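Engineer: The structure file query-v1.cif (mmCIF, C-alpha atoms) is provided below.
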data_final
#
loop_
_atom_site.label_atom_id
_atom_site.label_comp_id
_atom_site.auth_asym_id
_atom_site.auth_seq_id
_atom_site.Cartn_x
_atom_site.Cartn_y
_atom_site.Cartn_z
CA MET A 1 -151.15 -62.17 -215.27
CA LEU A 2 -148.01 -62.90 -213.24
CA GLY A 3 -147.30 -66.25 -211.60
CA LEU A 4 -144.77 -66.75 -208.79
CA ILE A 5 -143.50 -69.84 -206.97
CA SER A 6 -140.43 -71.15 -205.23
CA GLY A 7 -140.20 -74.93 -205.21
CA THR A 8 -138.85 -77.36 -202.66
CA SER A 9 -135.30 -76.86 -203.96
CA MET A 10 -135.50 -73.33 -202.50
CA ASP A 11 -133.06 -71.85 -204.97
CA GLY A 12 -135.08 -68.81 -206.00
CA VAL A 13 -138.40 -67.47 -207.24
CA ASP A 14 -139.76 -68.64 -210.58
CA VAL A 15 -141.75 -65.91 -212.31
CA ALA A 16 -143.86 -66.05 -215.46
CA ALA A 17 -145.83 -63.42 -217.31
CA VAL A 18 -148.79 -65.04 -219.03
CA GLU A 19 -151.65 -63.72 -221.12
CA LEU A 20 -154.76 -65.75 -220.28
CA ARG A 21 -158.17 -65.34 -221.89
CA LEU A 22 -161.37 -67.35 -221.56
CA ASP A 23 -162.76 -68.23 -225.01
CA GLY A 24 -165.88 -70.36 -224.62
CA ASP A 25 -164.81 -73.55 -222.88
CA THR A 26 -161.13 -72.93 -223.67
CA ILE A 27 -158.48 -70.87 -221.89
CA ALA A 28 -156.14 -69.32 -224.44
CA CYS A 29 -152.65 -69.09 -222.98
CA ARG A 30 -149.75 -67.09 -224.36
CA SER A 31 -146.47 -66.99 -222.48
CA LEU A 32 -144.85 -63.55 -222.42
CA GLY A 33 -141.67 -64.75 -220.72
CA HIS A 34 -140.35 -66.41 -217.60
CA ASP A 35 -137.29 -66.09 -215.39
CA VAL A 36 -135.77 -67.20 -212.10
CA VAL A 37 -134.77 -64.63 -209.49
CA PRO A 38 -132.29 -66.36 -207.14
CA TYR A 39 -132.68 -66.03 -203.41
CA PRO A 40 -129.85 -64.17 -201.67
CA THR A 41 -127.43 -66.80 -200.38
CA ALA A 42 -128.09 -65.93 -196.73
CA LEU A 43 -131.86 -66.25 -197.18
CA ARG A 44 -131.58 -69.65 -198.87
CA GLU A 45 -129.38 -70.88 -196.05
CA GLN A 46 -131.90 -69.65 -193.47
CA LEU A 47 -134.75 -71.38 -195.30
CA LEU A 48 -132.90 -74.67 -195.51
CA ALA A 49 -131.95 -74.39 -191.84
CA ALA A 50 -135.62 -73.92 -190.89
CA LEU A 51 -136.78 -77.15 -192.54
CA PRO A 52 -137.73 -80.18 -190.45
CA PRO A 53 -136.36 -81.82 -188.42
CA ALA A 54 -134.96 -78.43 -187.30
CA GLN A 55 -137.08 -76.19 -185.08
CA CYS A 56 -138.31 -72.81 -186.34
CA SER A 57 -139.25 -70.21 -183.72
CA PRO A 58 -142.10 -67.71 -184.19
CA ALA A 59 -139.49 -64.93 -184.51
CA GLN A 60 -137.60 -66.83 -187.19
CA LEU A 61 -140.82 -67.66 -189.03
CA CYS A 62 -141.87 -64.00 -189.00
CA ARG A 63 -138.52 -62.90 -190.41
CA LEU A 64 -138.58 -65.57 -193.13
CA ASP A 65 -142.17 -64.70 -194.10
CA THR A 66 -141.11 -61.07 -194.56
CA LEU A 67 -137.82 -61.79 -196.35
CA VAL A 68 -139.44 -64.29 -198.73
CA GLY A 69 -142.28 -61.83 -199.35
CA GLN A 70 -139.74 -59.18 -200.28
CA ALA A 71 -137.94 -61.63 -202.58
CA PHE A 72 -141.24 -62.47 -204.26
CA ALA A 73 -141.96 -58.74 -204.64
CA THR A 74 -138.63 -58.32 -206.44
CA ALA A 75 -139.51 -61.22 -208.74
CA ALA A 76 -142.94 -59.73 -209.41
CA LEU A 77 -141.30 -56.52 -210.64
CA VAL A 78 -139.26 -58.66 -213.03
CA GLY A 79 -142.55 -60.18 -214.15
CA VAL A 80 -144.01 -56.75 -214.85
CA GLU A 81 -141.04 -56.08 -217.15
CA LEU A 82 -141.61 -59.44 -218.90
CA ALA A 83 -145.23 -58.38 -219.44
CA GLY A 84 -144.15 -55.18 -221.17
CA GLY A 85 -144.74 -52.94 -218.17
CA HIS A 86 -148.36 -53.81 -217.47
CA ALA A 87 -150.09 -56.62 -215.55
CA ASP A 88 -153.52 -57.03 -213.98
CA LEU A 89 -152.88 -59.54 -211.23
CA VAL A 90 -150.16 -61.45 -209.38
CA ALA A 91 -150.67 -65.02 -208.21
CA SER A 92 -148.24 -66.50 -205.71
CA LEU A 93 -147.88 -70.12 -204.65
CA GLY A 94 -145.30 -68.96 -202.13
CA GLN A 95 -142.53 -70.98 -200.54
CA THR A 96 -143.64 -74.18 -198.85
CA LEU A 97 -141.98 -74.46 -195.45
CA TYR A 98 -144.05 -77.28 -193.99
CA HIS A 99 -146.58 -79.78 -195.33
CA TRP A 100 -148.37 -81.58 -192.49
CA VAL A 101 -149.25 -85.15 -193.48
CA GLU A 102 -150.17 -87.74 -190.87
CA PRO A 103 -148.61 -91.24 -190.96
CA ASP A 104 -151.85 -92.58 -192.47
CA GLY A 105 -151.45 -90.16 -195.40
CA THR A 106 -154.08 -87.63 -194.33
CA ALA A 107 -153.07 -84.02 -194.97
CA ARG A 108 -153.86 -81.77 -192.00
CA GLY A 109 -152.28 -78.48 -193.01
CA THR A 110 -149.78 -76.77 -195.25
CA LEU A 111 -147.70 -73.62 -194.78
CA GLN A 112 -146.51 -71.40 -197.61
CA ILE A 113 -144.63 -68.26 -196.62
CA GLY A 114 -143.94 -65.08 -198.58
CA GLN A 115 -146.20 -62.36 -197.19
CA PRO A 116 -148.31 -61.13 -200.17
CA ALA A 117 -148.59 -57.59 -198.78
CA TRP A 118 -144.99 -56.98 -199.89
CA ILE A 119 -145.88 -58.02 -203.44
CA ALA A 120 -148.96 -55.78 -203.49
CA GLU A 121 -146.99 -52.87 -202.06
CA ALA A 122 -144.18 -53.20 -204.61
CA THR A 123 -146.38 -53.63 -207.68
CA GLY A 124 -149.65 -51.92 -206.78
CA LEU A 125 -151.41 -55.05 -208.10
CA PRO A 126 -153.86 -57.34 -206.33
CA VAL A 127 -152.33 -60.64 -205.24
CA VAL A 128 -153.95 -64.06 -205.04
CA SER A 129 -152.03 -66.22 -202.54
CA ASP A 130 -152.38 -69.08 -200.02
CA LEU A 131 -153.67 -71.28 -202.82
CA ARG A 132 -153.28 -74.69 -201.15
CA ALA A 133 -155.02 -74.35 -197.78
CA ARG A 134 -158.63 -74.46 -199.02
CA ASP A 135 -158.04 -77.78 -200.76
CA VAL A 136 -156.63 -79.24 -197.53
CA ALA A 137 -159.60 -77.88 -195.57
CA ALA A 138 -161.86 -79.66 -198.08
CA GLY A 139 -160.15 -82.97 -197.35
CA GLY A 140 -157.51 -82.82 -200.07
CA GLN A 141 -153.74 -83.01 -200.02
CA GLY A 142 -153.24 -79.41 -201.21
CA ALA A 143 -150.78 -80.87 -203.71
CA PRO A 144 -150.09 -81.42 -206.45
CA LEU A 145 -152.29 -78.60 -207.72
CA VAL A 146 -150.69 -78.84 -211.18
CA GLY A 147 -153.39 -81.37 -212.08
CA VAL A 148 -155.75 -78.56 -213.08
CA LEU A 149 -153.25 -77.22 -215.64
CA ASP A 150 -152.25 -80.64 -216.96
CA ALA A 151 -155.84 -81.82 -217.34
CA LEU A 152 -156.74 -78.75 -219.42
CA TRP A 153 -153.47 -78.61 -221.37
CA LEU A 154 -153.37 -82.31 -222.33
CA ALA A 155 -157.13 -82.81 -222.72
CA ASP A 156 -156.91 -83.47 -226.47
CA GLU A 157 -153.84 -85.74 -226.39
CA PRO A 158 -154.65 -89.31 -227.50
CA GLY A 159 -154.42 -92.17 -225.04
CA THR A 160 -153.11 -91.91 -221.50
CA THR A 161 -150.59 -89.10 -221.11
CA VAL A 162 -148.61 -88.56 -217.92
CA ALA A 163 -147.35 -85.07 -217.12
CA LEU A 164 -144.27 -85.36 -214.92
CA ASN A 165 -142.72 -82.62 -212.83
CA ILE A 166 -139.30 -83.30 -211.31
CA GLY A 167 -138.70 -80.66 -208.68
CA GLY A 168 -137.45 -81.33 -205.17
CA ILE A 169 -140.36 -83.76 -205.04
CA ALA A 170 -141.53 -85.50 -208.23
CA ASN A 171 -145.21 -85.62 -209.12
CA ILE A 172 -147.31 -86.90 -211.98
CA THR A 173 -150.70 -86.07 -213.47
CA VAL A 174 -152.51 -88.80 -215.38
CA VAL A 175 -154.72 -87.51 -218.20
CA GLY A 176 -156.83 -89.63 -220.54
CA GLY A 177 -158.74 -91.85 -218.13
CA PRO A 178 -162.26 -91.31 -216.74
CA HIS A 179 -160.94 -88.57 -214.44
CA PRO A 180 -157.54 -86.87 -214.08
CA ARG A 181 -155.48 -88.04 -211.13
CA ALA A 182 -152.25 -86.72 -209.68
CA TYR A 183 -149.88 -87.45 -206.83
CA ASP A 184 -146.32 -87.12 -205.60
CA THR A 185 -144.26 -90.15 -206.59
CA GLY A 186 -141.48 -89.41 -204.07
CA PRO A 187 -138.21 -87.51 -204.11
CA GLY A 188 -137.19 -85.80 -207.32
CA ASN A 189 -134.10 -83.71 -206.69
CA ALA A 190 -134.47 -83.39 -202.90
CA LEU A 191 -132.15 -86.20 -201.81
CA LEU A 192 -129.82 -85.62 -204.78
CA ASP A 193 -129.36 -81.96 -203.89
CA LEU A 194 -128.91 -82.80 -200.23
CA ALA A 195 -126.20 -85.36 -200.97
CA ALA A 196 -124.45 -83.05 -203.43
CA HIS A 197 -124.37 -80.27 -200.84
CA GLN A 198 -123.01 -82.60 -198.16
CA LEU A 199 -120.29 -83.85 -200.51
CA THR A 200 -119.24 -80.70 -202.33
CA GLY A 201 -120.85 -77.71 -200.60
CA THR A 202 -122.67 -76.86 -203.85
CA ALA A 203 -126.43 -76.75 -204.29
CA GLN A 204 -126.66 -79.62 -206.78
CA ASP A 205 -124.84 -82.20 -208.87
CA THR A 206 -124.81 -80.06 -212.01
CA ASP A 207 -125.67 -82.12 -215.12
CA GLY A 208 -125.35 -85.26 -213.00
CA ARG A 209 -121.59 -85.20 -213.44
CA ILE A 210 -120.77 -86.86 -210.12
CA ALA A 211 -123.56 -89.44 -210.45
CA ALA A 212 -122.26 -90.34 -213.91
CA THR A 213 -118.96 -91.51 -212.38
CA GLY A 214 -120.62 -93.73 -209.77
CA THR A 215 -122.23 -97.16 -209.68
CA VAL A 216 -125.69 -97.90 -208.33
CA ARG A 217 -125.45 -99.58 -204.94
CA HIS A 218 -128.35 -102.03 -205.01
CA ASP A 219 -128.17 -102.73 -201.29
CA LEU A 220 -128.78 -99.03 -200.64
CA LEU A 221 -131.39 -98.79 -203.38
CA ASP A 222 -133.36 -101.70 -201.88
CA LEU A 223 -133.41 -99.96 -198.49
CA LEU A 224 -134.62 -96.72 -200.06
CA LEU A 225 -137.33 -98.51 -202.06
CA ALA A 226 -138.59 -100.19 -198.89
CA ASP A 227 -140.09 -96.87 -197.77
CA GLU A 228 -143.81 -97.33 -197.21
CA TYR A 229 -144.64 -94.11 -199.06
CA TYR A 230 -144.21 -95.78 -202.44
CA ARG A 231 -146.94 -98.33 -201.64
CA ARG A 232 -149.44 -95.81 -200.30
CA PRO A 233 -152.45 -95.35 -202.62
CA ALA A 234 -153.11 -92.06 -204.38
CA PRO A 235 -153.99 -89.29 -203.81
CA LYS A 236 -150.90 -88.69 -201.73
CA SER A 237 -148.30 -86.02 -201.18
CA THR A 238 -144.95 -85.73 -199.44
CA GLY A 239 -142.08 -83.32 -198.94
CA LYS A 240 -138.84 -82.59 -197.13
CA GLU A 241 -140.63 -83.24 -193.86
CA HIS A 242 -140.04 -86.90 -194.78
CA PHE A 243 -137.24 -87.01 -197.37
CA ASN A 244 -134.62 -85.01 -195.49
CA ALA A 245 -131.10 -85.22 -194.02
CA ASP A 246 -132.14 -87.37 -191.06
CA TYR A 247 -133.93 -89.76 -193.41
CA LEU A 248 -130.88 -90.15 -195.63
CA ALA A 249 -128.53 -90.57 -192.67
CA HIS A 250 -130.78 -93.25 -191.18
CA VAL A 251 -130.81 -95.24 -194.43
CA LEU A 252 -127.05 -94.91 -194.90
CA ASP A 253 -126.50 -96.16 -191.35
CA ALA A 254 -128.34 -99.36 -192.28
CA VAL A 255 -126.08 -100.16 -195.26
CA PRO A 256 -123.49 -102.83 -194.32
CA THR A 257 -120.53 -101.09 -196.02
CA PRO A 258 -119.86 -97.35 -196.53
CA VAL A 259 -121.16 -95.68 -199.69
CA ASP A 260 -118.85 -93.25 -201.47
CA GLY A 261 -120.03 -89.97 -202.95
CA PRO A 262 -120.37 -90.91 -206.64
CA ASP A 263 -122.11 -94.19 -205.78
CA LEU A 264 -124.50 -92.36 -203.47
CA LEU A 265 -125.50 -89.88 -206.16
CA ALA A 266 -125.78 -92.63 -208.79
CA THR A 267 -128.07 -94.57 -206.45
CA LEU A 268 -130.25 -91.57 -205.59
CA THR A 269 -130.57 -90.78 -209.30
CA GLU A 270 -131.72 -94.33 -209.89
CA LEU A 271 -134.20 -94.04 -207.00
CA THR A 272 -135.91 -91.05 -208.62
CA ALA A 273 -135.93 -92.67 -212.07
CA ARG A 274 -137.20 -95.99 -210.72
CA THR A 275 -140.04 -94.58 -208.58
CA VAL A 276 -141.20 -92.23 -211.33
CA ALA A 277 -141.06 -94.94 -214.00
CA ASP A 278 -142.89 -97.43 -211.78
CA ALA A 279 -145.70 -94.91 -211.26
CA CYS A 280 -145.92 -94.08 -214.98
CA ARG A 281 -146.13 -97.77 -215.93
CA ALA A 282 -148.74 -98.47 -213.26
CA GLU A 283 -150.89 -95.71 -214.80
CA GLY A 284 -150.60 -97.17 -218.31
CA ALA A 285 -148.76 -94.16 -219.71
CA ARG A 286 -148.53 -94.04 -223.50
CA LYS A 287 -146.48 -90.85 -223.36
CA VAL A 288 -144.69 -88.88 -220.63
CA VAL A 289 -144.28 -85.09 -220.80
CA ALA A 290 -141.62 -83.95 -218.34
CA SER A 291 -140.86 -80.57 -216.78
CA GLY A 292 -139.11 -79.14 -213.74
CA GLY A 293 -135.48 -78.72 -212.78
CA GLY A 294 -134.80 -82.44 -213.04
CA VAL A 295 -135.12 -82.45 -216.82
CA GLY A 296 -131.92 -80.37 -216.90
CA ASN A 297 -130.06 -83.37 -215.47
CA PRO A 298 -129.17 -85.53 -218.49
CA VAL A 299 -128.12 -88.48 -216.32
CA LEU A 300 -131.49 -88.53 -214.56
CA LEU A 301 -133.43 -88.08 -217.80
CA ALA A 302 -131.46 -90.89 -219.47
CA ALA A 303 -132.11 -93.19 -216.50
CA LEU A 304 -135.82 -92.46 -216.73
CA ARG A 305 -135.91 -93.13 -220.47
CA ARG A 306 -134.10 -96.43 -219.98
CA ARG A 307 -136.82 -97.56 -217.60
CA LEU A 308 -139.75 -96.51 -219.80
CA ASP A 309 -140.64 -97.97 -223.20
CA VAL A 310 -142.83 -94.99 -224.17
CA PRO A 311 -141.81 -91.55 -225.50
CA VAL A 312 -140.53 -89.15 -222.84
CA LEU A 313 -140.90 -85.58 -224.10
CA VAL A 314 -139.89 -82.30 -222.47
CA SER A 315 -142.83 -79.93 -221.98
CA ASP A 316 -141.24 -77.27 -224.23
CA GLU A 317 -142.14 -79.55 -227.15
CA LEU A 318 -145.82 -78.95 -226.35
CA GLY A 319 -145.47 -75.23 -225.72
CA LEU A 320 -144.86 -74.86 -221.96
CA PRO A 321 -141.31 -74.19 -220.72
CA ALA A 322 -139.93 -76.99 -218.57
CA ASP A 323 -138.26 -74.57 -216.15
CA GLY A 324 -141.24 -72.20 -215.95
CA LYS A 325 -144.27 -74.48 -216.00
CA GLU A 326 -145.05 -74.18 -212.27
CA ALA A 327 -144.98 -70.38 -212.47
CA HIS A 328 -147.46 -70.70 -215.35
CA LEU A 329 -149.56 -72.91 -213.07
CA SER A 330 -149.57 -70.20 -210.42
CA ALA A 331 -150.76 -67.66 -213.00
CA LEU A 332 -153.53 -70.03 -214.10
CA LEU A 333 -154.69 -70.63 -210.52
CA GLY A 334 -154.85 -66.87 -209.94
CA PHE A 335 -156.81 -66.42 -213.17
CA LEU A 336 -159.35 -69.07 -212.14
CA THR A 337 -159.87 -67.53 -208.70
CA TRP A 338 -160.11 -64.01 -210.13
CA HIS A 339 -162.86 -65.15 -212.49
CA GLY A 340 -164.82 -67.09 -209.88
CA MET A 341 -163.82 -70.55 -211.07
CA THR A 342 -162.62 -73.52 -209.06
CA GLY A 343 -158.90 -74.28 -209.08
CA ASN A 344 -158.50 -77.75 -207.62
CA THR A 345 -159.13 -81.12 -209.24
CA PRO A 346 -160.64 -83.45 -206.62
CA GLY A 347 -159.43 -86.60 -208.41
CA CYS A 348 -155.90 -85.24 -208.15
CA THR A 349 -155.82 -83.96 -204.57
CA GLY A 350 -158.56 -86.02 -202.91
CA ALA A 351 -160.62 -82.99 -201.90
CA GLY A 352 -164.31 -83.47 -201.20
CA GLY A 353 -165.20 -81.37 -204.22
CA PRO A 354 -164.12 -78.47 -206.43
CA ARG A 355 -163.23 -75.29 -204.57
CA MET A 356 -162.23 -71.74 -205.34
CA LEU A 357 -158.71 -71.32 -204.00
CA GLY A 358 -156.72 -68.64 -202.26
CA SER A 359 -157.04 -65.27 -200.59
CA ILE A 360 -156.88 -61.90 -202.34
CA THR A 361 -154.77 -58.98 -201.13
CA PRO A 362 -155.89 -55.68 -202.73
CA GLY A 363 -153.44 -53.62 -204.74
CA ALA A 364 -153.09 -49.85 -204.77
CA GLY A 365 -156.70 -49.20 -205.74
CA PRO A 366 -160.15 -50.55 -204.89
CA LEU A 367 -160.63 -54.26 -205.46
CA ARG A 368 -162.77 -54.78 -208.57
CA LEU A 369 -163.25 -58.36 -209.69
CA PRO A 370 -164.68 -59.22 -213.10
CA ASP A 371 -168.09 -60.85 -213.40
CA PRO A 372 -167.76 -64.54 -212.48
CA ALA A 373 -167.43 -66.98 -215.36
CA THR A 374 -170.57 -69.01 -216.01
CA HIS A 375 -168.82 -72.37 -216.56
CA GLN A 376 -165.55 -74.15 -215.98
CA PRO A 377 -163.10 -74.43 -218.90
CA LYS A 378 -162.46 -77.80 -220.53
CA ARG A 379 -159.09 -77.21 -222.17
CA LEU A 380 -156.12 -74.87 -222.29
CA ARG A 381 -154.70 -73.93 -225.67
CA VAL A 382 -151.09 -72.75 -225.69
CA GLN A 383 -150.55 -70.07 -228.32
CA PRO A 384 -147.21 -69.14 -229.88
CA SER A 385 -145.32 -66.46 -227.93
#
Please lay out the structure from this file as structure tokens.
Structural biologist:
Amino acid sequence: MLGLISGTSMDGVDVAAVELRLDGDTIACRSLGHDVVPYPTALREQLLAALPPAQCSPAQLCRLDTLVGQAFATAALVGVELAGGHADLVASLGQTLYHWVEPDGTARGTLQIGQPAWIAEATGLPVVSDLRARDVAAGGQGAPLVGVLDALWLADEPGTTVALNIGGIANITVVGGPHPRAYDTGPGNALLDLAAHQLTGTAQDTDGRIAATGTVRHDLLDLLLADEYYRRPAPKSTGKEHFNADYLAHVLDAVPTPVDGPDLLATLTELTARTVADACRAEGARKVVASGGGVGNPVLLAALRRRLDVPVLVSDELGLPADGKEAHLSALLGFLTWHGMTGNTPGCTGAGGPRMLGSITPGAGPLRLPDPATHQPKRLRVQPS
């Protein structure tokens, strides 16, 4: 099983090869390898230029859908190599280009590009894609879908465990209560990467080096924390439609005195750490298990640990790679759909009920699905690679 996704940082395609097997009420999971296939520079620039508040024409959208589909096809071929030359299925969460959320928090639609026909044509394998739309149609947010993985993976952990993903947007899954719940806490790396690019022309503040030389500007931090999103009840989701260049410029315009580059990055780092920590404390977390690109930023991780008085682990310590977990999620979602099982968690997304997710594009041969599973799994057991 191959899983593909490109996150809101839009730096490339994450790919994972995963062996998944249903054993009673448990999904046995063995990772065969994961990698990141970077987008060509020109494609990344076009994707970033198409994000709101910019306009994207039908012609531009068509081209991007094709180019991203071809990039995902290239990554899928890397996944086949990771799997030892053989795979049964590809699952693609695509590249989110727009997530339509009304001011009252209601999700109305979501758009992931990366035409799956290119993946099927390159690999000859069936492709499960468009995995978010059905949840939105059922009244959910369509994100974060990672709740289904976290709820199975952490089912046997004692107490309340929070799984944290710090991508462009940060999200948490709360496991250990009556029902799993998940939501986006706010920006993860999105504003940090944006500010780093504006200051240096590079994609990110590598290792938080610039932020480490700055001082948190509390006047700016207070303005950022005043955003109504942080007080909206869960389930909720957000994206670069909200936390974007215009948003940052508007907030900076309201600060009485100019903010220099290092202080800006230090303050944005503190914003992510503060909003994540506040959410984790509000959920009564006894332990936090972190993944995503943000865990590679030692300044951000240290700021988060300072604000939490509970252990903050990296997901590798529990068997799932921090930089490949979302690609593993994609593989799991494809596996669930392929076997006739539901892939959303209503308590996490707000959907009206459990739903099978996605659409299937046939591969080179006739489409032959296995017999549907007779029951939903209750846990996921990660086996040694």
Engineer: Within 7 Å of stretch 19-28 of chain A, counting all atoms listed in the file, which residues qualify if same-chain residues fewer than 4 places away don't, as a list in words?
Structural biologist: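 Using all atoms listed in the file, the neighbours found are Met1, Leu32, Gln376, Pro377, Lys378, Arg379, Leu380, Arg381, Val382 and Gln383 of chain A.
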Engineer: Output the residue selection produced by the PyMOL selection byres ((chain A and resi 292) around 6) on the file above, formatted as a list in words.
Structural biologist: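 Selected by the PyMOL selection byres ((chain A and resi 292) around 6) in this file: Asn165, Ile166, Gly167, Ser291, Gly293, Gly294, Ala322 and Asp323 of chain A.
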Engineer: Convert the output of the PyMOL selection byres ((chain A and resi 188) around 6) on the shown file into explicit residues, formatted as a ChimeraX atom specification.
Structural biologist: /A:166-170,187,189-190,272
Engineer: Looking at A:Leu82, A:Leu111, A:Val13, A:Ala137, which one is nearest to A:Leu97, with distances taken over all atoms listed in the file?
Structural biologist: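 Ranking A:Leu82, A:Leu111, A:Val13, A:Ala137 by distance to A:Leu97, first place goes to A:Leu111.
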Engineer: Determine the residue membership of the PyMOL selection byres ((chain A and resi 278) around 12) for the file above and supply it as a list in words.
Structural biologist: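 Selection result, ordered by chain and number: Ile172, Thr185, Gly186, Leu225, Tyr230, Arg231, Glu270, Leu271, Thr272, Ala273, Arg274, Thr275, Val276, Ala277, Ala279, Cys280, Arg281, Ala282, Glu283, Gly284, Ala285, Leu304, Arg305, Arg307, Leu308 and Asp309 of chain A.
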Engineer: Would you list the contacts of stretch 117-129 of chain A as a list in words, taking every protein, DNA or RNA residue within 7 Å and counting all atoms listed in the file, but skipping same-chain residues closer than 4 positions in sequence?
Structural biologist: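 Skipping anything fewer than 4 positions along the chain leaves Gly69, Gln70, Phe72, Ala73, Ala76, Leu77, Asp88, Leu89, Val90, Ala91, Ser92, Leu93, Gly334, Gly358, Ser359, Ile360, Thr361, Pro362, Gly363 and Ala364 of chain A.
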Engineer: Atom CA of A:Asp205 to atom CA of A:Leu192: how many Å, to one decimal?
Structural biologist: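 Taking atom CA of A:Asp205 and atom CA of A:Leu192, their separation equals 7.3 Å.
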